[in-house]
>>> print(open('upload_26.cif').read())   # mmCIF, C-alpha atoms
data_entry
loop_
_atom_site.group_PDB
_atom_site.id
_atom_site.type_symbol
_atom_site.label_atom_id
_atom_site.label_comp_id
_atom_site.auth_asym_id
_atom_site.auth_seq_id
_atom_site.Cartn_x
_atom_site.Cartn_y
_atom_site.Cartn_z
ATOM 1 C CA MET Q 25 52.768 10.339 -72.736
ATOM 2 C CA SER Q 26 49.883 12.501 -71.849
ATOM 3 C CA LYS Q 27 49.000 13.290 -68.358
ATOM 4 C CA ALA Q 28 45.556 11.749 -68.234
ATOM 5 C CA SER Q 29 43.931 10.780 -64.984
ATOM 6 C CA LEU Q 30 44.144 7.261 -63.775
ATOM 7 C CA GLN Q 31 40.460 6.719 -64.500
ATOM 8 C CA ASP Q 32 40.930 7.846 -68.108
ATOM 9 C CA GLN Q 33 43.922 5.566 -68.535
ATOM 10 C CA LEU Q 34 41.944 2.566 -67.154
ATOM 11 C CA LEU Q 35 39.057 3.371 -69.497
ATOM 12 C CA GLN Q 36 41.407 3.466 -72.509
ATOM 13 C CA ALA Q 37 42.924 0.165 -71.530
ATOM 14 C CA GLY Q 38 39.418 -1.346 -71.142
ATOM 15 C CA LEU Q 39 39.933 -2.223 -67.536
ATOM 16 C CA ALA Q 40 37.106 -0.016 -66.190
ATOM 17 C CA LYS Q 41 33.654 0.916 -67.345
ATOM 18 C CA LYS Q 42 32.316 4.376 -67.641
ATOM 19 C CA GLY Q 43 29.766 5.323 -64.913
ATOM 20 C CA GLY Q 44 31.266 3.284 -62.107
ATOM 21 C CA LYS Q 45 29.427 0.647 -60.098
ATOM 22 C CA ALA Q 46 25.664 0.334 -60.189
ATOM 23 C CA PRO Q 47 24.073 0.710 -56.749
ATOM 24 C CA LYS Q 48 22.648 -2.445 -55.161
ATOM 25 C CA LYS Q 49 18.977 -2.723 -54.387
ATOM 26 C CA LYS Q 50 18.301 -2.391 -50.677
ATOM 27 C CA LYS Q 51 16.360 -5.126 -48.964
ATOM 28 C CA SER Q 52 13.811 -4.421 -46.259
ATOM 29 C CA ALA Q 53 14.377 -5.260 -42.640
ATOM 30 C CA TRP Q 54 12.454 -8.474 -43.198
ATOM 31 C CA GLY Q 55 14.777 -9.473 -46.008
ATOM 32 C CA ARG Q 56 11.886 -10.609 -48.188
ATOM 33 C CA VAL Q 57 10.741 -7.628 -50.175
ATOM 34 C CA ASN Q 58 12.125 -4.328 -51.269
ATOM 35 C CA ARG Q 59 10.731 -1.553 -49.135
ATOM 36 C CA HIS Q 60 9.788 0.462 -52.194
ATOM 37 C CA ASP Q 61 8.462 -2.451 -54.198
ATOM 38 C CA LYS Q 62 4.898 -1.603 -55.273
ATOM 39 C CA ASP Q 63 3.952 -5.249 -55.789
ATOM 40 C CA ALA Q 64 4.839 -6.298 -52.226
ATOM 41 C CA ASN Q 65 2.045 -7.451 -49.960
ATOM 42 C CA THR Q 66 1.191 -4.520 -47.667
ATOM 43 C CA LYS Q 67 -0.535 -6.677 -45.054
ATOM 44 C CA PRO Q 68 1.791 -7.645 -42.187
ATOM 45 C CA PRO Q 69 2.433 -11.335 -41.632
ATOM 46 C CA ALA Q 70 0.594 -13.322 -38.936
ATOM 47 C CA GLU Q 71 3.655 -13.286 -36.680
ATOM 48 C CA ILE Q 72 3.560 -9.498 -36.524
ATOM 49 C CA GLU Q 73 -0.136 -9.526 -35.628
ATOM 50 C CA ALA Q 74 0.487 -12.107 -32.911
ATOM 51 C CA ALA Q 75 3.389 -10.061 -31.518
ATOM 52 C CA LYS Q 76 1.259 -6.897 -31.487
ATOM 53 C CA LYS Q 77 -1.558 -8.736 -29.715
ATOM 54 C CA ALA Q 78 0.840 -10.187 -27.127
ATOM 55 C CA ALA Q 79 2.352 -6.736 -26.520
ATOM 56 C CA ALA Q 80 -1.105 -5.217 -26.040
ATOM 57 C CA GLU Q 81 -2.048 -7.966 -23.564
ATOM 58 C CA LYS Q 82 1.214 -7.485 -21.671
ATOM 59 C CA LEU Q 83 0.601 -3.733 -21.498
ATOM 60 C CA ALA Q 84 -2.931 -4.314 -20.170
ATOM 61 C CA ARG Q 85 -1.612 -6.717 -17.505
ATOM 62 C CA GLU Q 86 1.065 -4.227 -16.446
ATOM 63 C CA GLN Q 87 -1.480 -1.403 -16.229
ATOM 64 C CA GLU Q 88 -3.780 -3.563 -14.085
ATOM 65 C CA ARG Q 89 -0.853 -4.563 -11.860
ATOM 66 C CA ASN Q 90 0.136 -0.897 -11.510
ATOM 67 C CA ARG Q 91 -3.441 0.056 -10.598
ATOM 68 C CA GLU Q 92 -3.543 -2.659 -7.932
ATOM 69 C CA ALA Q 93 -0.148 -1.639 -6.574
ATOM 70 C CA GLY Q 94 -1.278 1.989 -6.446
ATOM 71 C CA ALA Q 95 -4.441 0.999 -4.589
ATOM 72 C CA ARG Q 96 -2.417 -1.048 -2.087
ATOM 73 C CA GLN Q 97 -0.008 1.848 -1.620
ATOM 74 C CA ARG Q 98 -2.854 4.332 -1.042
ATOM 75 C CA GLU Q 99 -4.446 1.903 1.422
ATOM 76 C CA ALA Q 100 -1.137 1.542 3.302
ATOM 77 C CA GLU Q 101 -0.725 5.332 3.404
ATOM 78 C CA ASP Q 102 -4.267 5.713 4.751
ATOM 79 C CA ARG Q 103 -3.590 3.047 7.382
ATOM 80 C CA ARG Q 104 -0.362 4.796 8.448
ATOM 81 C CA ALA Q 105 -2.185 8.129 8.601
ATOM 82 C CA ARG Q 106 -4.960 6.629 10.777
ATOM 83 C CA GLN Q 107 -2.359 5.031 13.064
ATOM 84 C CA GLY Q 108 -0.602 8.380 13.387
ATOM 85 C CA GLN Q 109 -3.886 10.068 14.287
ATOM 86 C CA ILE Q 110 -4.684 7.357 16.839
ATOM 87 C CA ARG Q 111 -1.219 7.640 18.357
ATOM 88 C CA GLN Q 112 -1.607 11.406 18.603
ATOM 89 C CA LEU Q 113 -5.062 11.112 20.201
ATOM 90 C CA ILE Q 114 -3.929 8.542 22.766
ATOM 91 C CA LEU Q 115 -0.686 10.233 23.770
ATOM 92 C CA ASP Q 116 -2.113 13.766 23.846
ATOM 93 C CA HIS Q 117 -5.288 12.934 25.786
ATOM 94 C CA ALA Q 118 -4.040 10.234 28.157
ATOM 95 C CA GLU Q 119 -4.650 10.740 31.846
ATOM 96 C CA LYS Q 120 -1.581 10.751 34.013
ATOM 97 C CA LEU Q 121 -1.436 7.500 35.973
ATOM 98 C CA PRO Q 122 -0.266 7.663 39.602
ATOM 99 C CA ARG Q 123 2.820 5.675 40.437
ATOM 100 C CA ASP Q 124 1.548 4.402 43.772
ATOM 101 C CA GLY Q 125 -2.167 4.060 42.981
ATOM 102 C CA GLU Q 126 -4.305 1.042 43.610
ATOM 103 C CA PRO Q 127 -4.332 -1.499 40.790
ATOM 104 C CA TYR Q 128 -7.293 -1.531 38.397
ATOM 105 C CA HIS Q 129 -7.620 -5.021 36.958
ATOM 106 C CA PHE Q 130 -8.754 -5.712 33.398
ATOM 107 C CA ILE Q 131 -8.469 -8.438 30.759
ATOM 108 C CA ASP Q 132 -6.598 -8.089 27.485
ATOM 109 C CA ARG Q 133 -6.384 -11.093 25.132
ATOM 110 C CA GLY Q 134 -7.245 -13.506 27.928
ATOM 111 C CA VAL Q 135 -4.626 -12.184 30.353
ATOM 112 C CA VAL Q 136 -5.490 -10.349 33.566
ATOM 113 C CA LEU Q 137 -3.542 -7.097 33.741
ATOM 114 C CA SER Q 138 -3.637 -4.022 35.953
ATOM 115 C CA VAL Q 139 -2.806 -0.325 35.844
ATOM 116 C CA PRO Q 140 -2.379 1.902 38.882
ATOM 117 C CA VAL Q 141 -5.306 4.300 39.356
ATOM 118 C CA ASN Q 142 -6.502 6.749 41.973
ATOM 119 C CA ALA Q 143 -10.095 7.083 43.193
ATOM 120 C CA ARG Q 144 -11.045 9.626 40.463
ATOM 121 C CA LEU Q 145 -9.775 7.372 37.621
ATOM 122 C CA ARG Q 146 -11.471 4.322 39.150
ATOM 123 C CA ARG Q 147 -14.835 6.161 39.293
ATOM 124 C CA GLY Q 148 -14.379 7.353 35.703
ATOM 125 C CA LEU Q 149 -13.619 3.849 34.457
ATOM 126 C CA ALA Q 150 -16.558 2.395 36.395
ATOM 127 C CA SER Q 151 -18.979 5.011 35.006
ATOM 128 C CA ARG Q 152 -17.576 4.664 31.440
ATOM 129 C CA LYS Q 153 -16.490 8.321 31.349
ATOM 130 C CA LEU Q 154 -12.949 7.020 30.933
ATOM 131 C CA ARG Q 155 -11.718 4.157 28.760
ATOM 132 C CA LEU Q 156 -8.572 2.079 28.406
ATOM 133 C CA ALA Q 157 -6.521 2.312 25.206
ATOM 134 C CA ILE Q 158 -3.419 0.424 24.114
ATOM 135 C CA TRP Q 159 -0.525 1.799 22.112
ATOM 136 C CA GLU Q 160 2.710 -0.143 21.589
ATOM 137 C CA LYS Q 161 2.021 -2.590 24.452
ATOM 138 C CA ARG Q 162 1.322 0.212 26.949
ATOM 139 C CA TYR Q 163 -2.070 0.975 28.456
ATOM 140 C CA TYR Q 164 -3.489 4.475 28.760
ATOM 141 C CA VAL Q 165 -6.610 5.894 30.388
ATOM 142 C CA ILE Q 166 -8.426 8.285 28.026
ATOM 143 C CA SER Q 167 -11.733 10.126 28.029
ATOM 144 C CA ALA Q 168 -14.864 8.667 26.428
ATOM 145 C CA GLN Q 169 -14.879 11.466 23.796
ATOM 146 C CA THR Q 170 -11.347 10.601 22.755
ATOM 147 C CA ALA Q 171 -12.303 6.919 22.710
ATOM 148 C CA GLU Q 172 -15.142 7.713 20.288
ATOM 149 C CA LYS Q 173 -12.713 9.484 17.957
ATOM 150 C CA ILE Q 174 -10.363 6.503 18.114
ATOM 151 C CA ALA Q 175 -13.240 4.066 17.506
ATOM 152 C CA GLN Q 176 -14.097 5.972 14.306
ATOM 153 C CA ARG Q 177 -10.589 5.292 13.028
ATOM 154 C CA ASP Q 178 -9.903 1.803 14.445
ATOM 155 C CA SER Q 179 -11.513 0.237 17.496
ATOM 156 C CA ALA Q 180 -8.721 -2.324 17.880
ATOM 157 C CA TYR Q 181 -6.793 0.196 19.998
ATOM 158 C CA LEU Q 182 -9.536 0.321 22.636
ATOM 159 C CA LEU Q 183 -10.022 -2.288 25.333
ATOM 160 C CA ALA Q 184 -13.541 -3.484 26.027
ATOM 161 C CA LEU Q 185 -14.469 -2.785 29.596
ATOM 162 C CA PRO Q 186 -16.627 -5.347 31.363
ATOM 163 C CA ASP Q 187 -20.358 -4.842 31.519
ATOM 164 C CA GLY Q 188 -21.796 -3.095 34.533
ATOM 165 C CA GLY Q 189 -21.890 -6.279 36.560
ATOM 166 C CA GLU Q 190 -25.608 -6.820 36.348
ATOM 167 C CA ILE Q 191 -26.817 -8.933 39.245
ATOM 168 C CA ARG Q 192 -29.424 -11.464 38.187
ATOM 169 C CA ASP Q 193 -30.327 -12.922 41.574
ATOM 170 C CA PRO Q 194 -32.848 -10.621 43.378
ATOM 171 C CA ALA Q 195 -31.463 -11.575 46.801
ATOM 172 C CA TYR Q 196 -28.174 -9.864 45.934
ATOM 173 C CA GLN Q 197 -29.601 -6.751 44.192
ATOM 174 C CA ALA Q 198 -28.888 -4.580 47.204
ATOM 175 C CA PHE Q 199 -25.198 -5.438 47.206
ATOM 176 C CA GLY Q 200 -22.891 -3.798 44.683
ATOM 177 C CA VAL Q 201 -20.018 -5.570 43.056
ATOM 178 C CA PRO Q 202 -16.730 -3.687 42.958
ATOM 179 C CA ASP Q 203 -15.946 -2.631 39.402
ATOM 180 C CA ASP Q 204 -12.545 -4.320 39.294
ATOM 181 C CA LEU Q 205 -14.129 -7.692 40.139
ATOM 182 C CA VAL Q 206 -16.515 -7.640 37.198
ATOM 183 C CA TRP Q 207 -15.099 -9.691 34.355
#
>>> encode(input="upload_26.cif", output="structure tokens")
Amino acid sequence: MSKASLQDQLLQAGLAKKGGKAPKKKKSAWGRVNRHDKDANTKPPAEIEAAKKAAAEKLAREQERNREAGARQREAEDRRARQGQIRQLILDHAEKLPRDGEPYHFIDRGVVLSVPVNARLRRGLASRKLRLAIWEKRYYVISAQTAEKIAQRDSAYLLALPDGGEIRDPAYQAFGVPDDLVW
């Protein structure tokens, strides 16, 4: 017996064909047409167009949402920066309040409150050279220039002082009203 290869022996016996297996045609991802088929319709189906349109709309919505979120974040950062500036202005320029001074009465949110002041602070508050500011539920006496800087950023941190106590009755024009009694 000759020493022929197994493939040659199977060919002689007629059990195998010469050339081996023919390769199968590959189908496209869609399973409908061959990717290389020249006769296939090159226009994508309506489902693909709808999916592309939906993806584009989703992308536009996400971009708009991101823009809005960015705007809100920038606004929050600006607000925090303004609050930091206001805090710095109030705490750096606050007048030192005496511990045993006379009370200066004022109204905040409908409640009568007082801070201890000396004669110089009382005159400054009465003449509007000094103002009252609030930071974290504490009241501070600050200069009018500092109050203007704070008002440029946010006037909610300043307390409105009462008007000068204008006396309407001519019989009482000669008598002054103490500044802490004017509401």
>>> resolve_selection(input="upload_26.cif", expression="the PyMOL selection byres ((chain Q and resi 181) around 7)", output="PyMOL selection string")
chain Q and resi 157-159+178-180+182-183
>>> closest_residue(input="upload_26.cif", among="Q:Glu172, Q:Arg152, Q:Asp124, Q:Ala28", to="Pro140 in chain Q", atoms="only C-alpha atoms")
Q:Asp124
>>> axis_aligned_box(input="upload_26.cif", around="range 151-169 of chain Q", padding_each_side="8 Å", output="lines of an AutoDock Vina configuration file")
center_x = -8.1
center_y = 4.4
center_z = 28.3
size_x = 37.7
size_y = 30.1
size_z = 29.4
>>> atom_distance(input="upload_26.cif", atom1="CA of Arg177 in chain Q", atom2="CA of Asp102 in chain Q")
10.4 Å
>>> atom_distance(input="upload_26.cif", atom1="CA of Tyr163 in chain Q", atom2="CA of Arg104 in chain Q")
20.4 Å
>>> atom_distance(input="upload_26.cif", atom1="CA of Leu137 in chain Q", atom2="CA of Arg103 in chain Q")
28.2 Å
>>> closest_residue(input="upload_26.cif", among="Q:Pro69, Q:Ile166, Q:Gln87, Q:Asp132", to="Gly148 in chain Q", atoms="only C-alpha atoms")
Q:Ile166
>>> residues_around(input="upload_26.cif", residues="Pro122 in chain Q", least_positions_apart="3", cutoff="8 Å", atoms="all atoms listed in the file", output="ChimeraX atom specification")
/Q:125,140-142
>>> write_last_selection(input="upload_26.cif", atoms="C-alpha atoms", output="compact mmCIF listing (two decimals), in the frame of the given file")
# COMPACT_ATOMS: atom_id res chain seq x y z
CA GLY Q 125 -2.17 4.06 42.98
CA PRO Q 140 -2.38 1.90 38.88
CA VAL Q 141 -5.31 4.30 39.36
CA ASN Q 142 -6.50 6.75 41.97
>>> residues_around(input="upload_26.cif", residues="Gln31 in chain Q", least_positions_apart="4", cutoff="12 Å", atoms="only C-alpha atoms", output="PyMOL selection string")
chain Q and resi 27+35-44
>>> write_last_selection(input="upload_26.cif", atoms="C-alpha atoms", output="JSON list (two decimals), keeping the file's coordinate frame")
[["chain", "number", "residue", "atom", "x", "y", "z"],
["Q", 27, "LYS", "CA", 49.00, 13.29, -68.36],
["Q", 35, "LEU", "CA", 39.06, 3.37, -69.50],
["Q", 36, "GLN", "CA", 41.41, 3.47, -72.51],
["Q", 37, "ALA", "CA", 42.92, 0.16, -71.53],
["Q", 38, "GLY", "CA", 39.42, -1.35, -71.14],
["Q", 39, "LEU", "CA", 39.93, -2.22, -67.54],
["Q", 40, "ALA", "CA", 37.11, -0.02, -66.19],
["Q", 41, "LYS", "CA", 33.65, 0.92, -67.34],
["Q", 42, "LYS", "CA", 32.32, 4.38, -67.64],
["Q", 43, "GLY", "CA", 29.77, 5.32, -64.91],
["Q", 44, "GLY", "CA", 31.27, 3.28, -62.11]]
>>> closest_residue(input="upload_26.cif", among="Q:Ala84, Q:Ala78, Q:Ile131, Q:Leu121", to="Leu145 in chain Q", atoms="all atoms listed in the file")
Q:Leu121
>>> resolve_selection(input="upload_26.cif", expression="the PyMOL selection byres ((chain Q and resi 119) around 8)", output="VMD selection string")
chain Q and resid 117 to 118 120 to 121 164 to 166
>>> write_last_selection(input="upload_26.cif", atoms="C-alpha atoms", output="PDB file, in the frame of the given file")
ATOM      1  CA  HIS Q 117      -5.288  12.934  25.786  1.00  0.00           C
ATOM      2  CA  ALA Q 118      -4.040  10.234  28.157  1.00  0.00           C
ATOM      3  CA  LYS Q 120      -1.581  10.751  34.013  1.00  0.00           C
ATOM      4  CA  LEU Q 121      -1.436   7.500  35.973  1.00  0.00           C
ATOM      5  CA  TYR Q 164      -3.489   4.475  28.760  1.00  0.00           C
ATOM      6  CA  VAL Q 165      -6.610   5.894  30.388  1.00  0.00           C
ATOM      7  CA  ILE Q 166      -8.426   8.285  28.026  1.00  0.00           C
TER       8      ILE Q 166
END
>>> closest_residue(input="upload_26.cif", among="Q:Leu115, Q:Val139, Q:Leu149, Q:Ile72", to="Ile174 in chain Q", atoms="only C-alpha atoms")
Q:Leu115
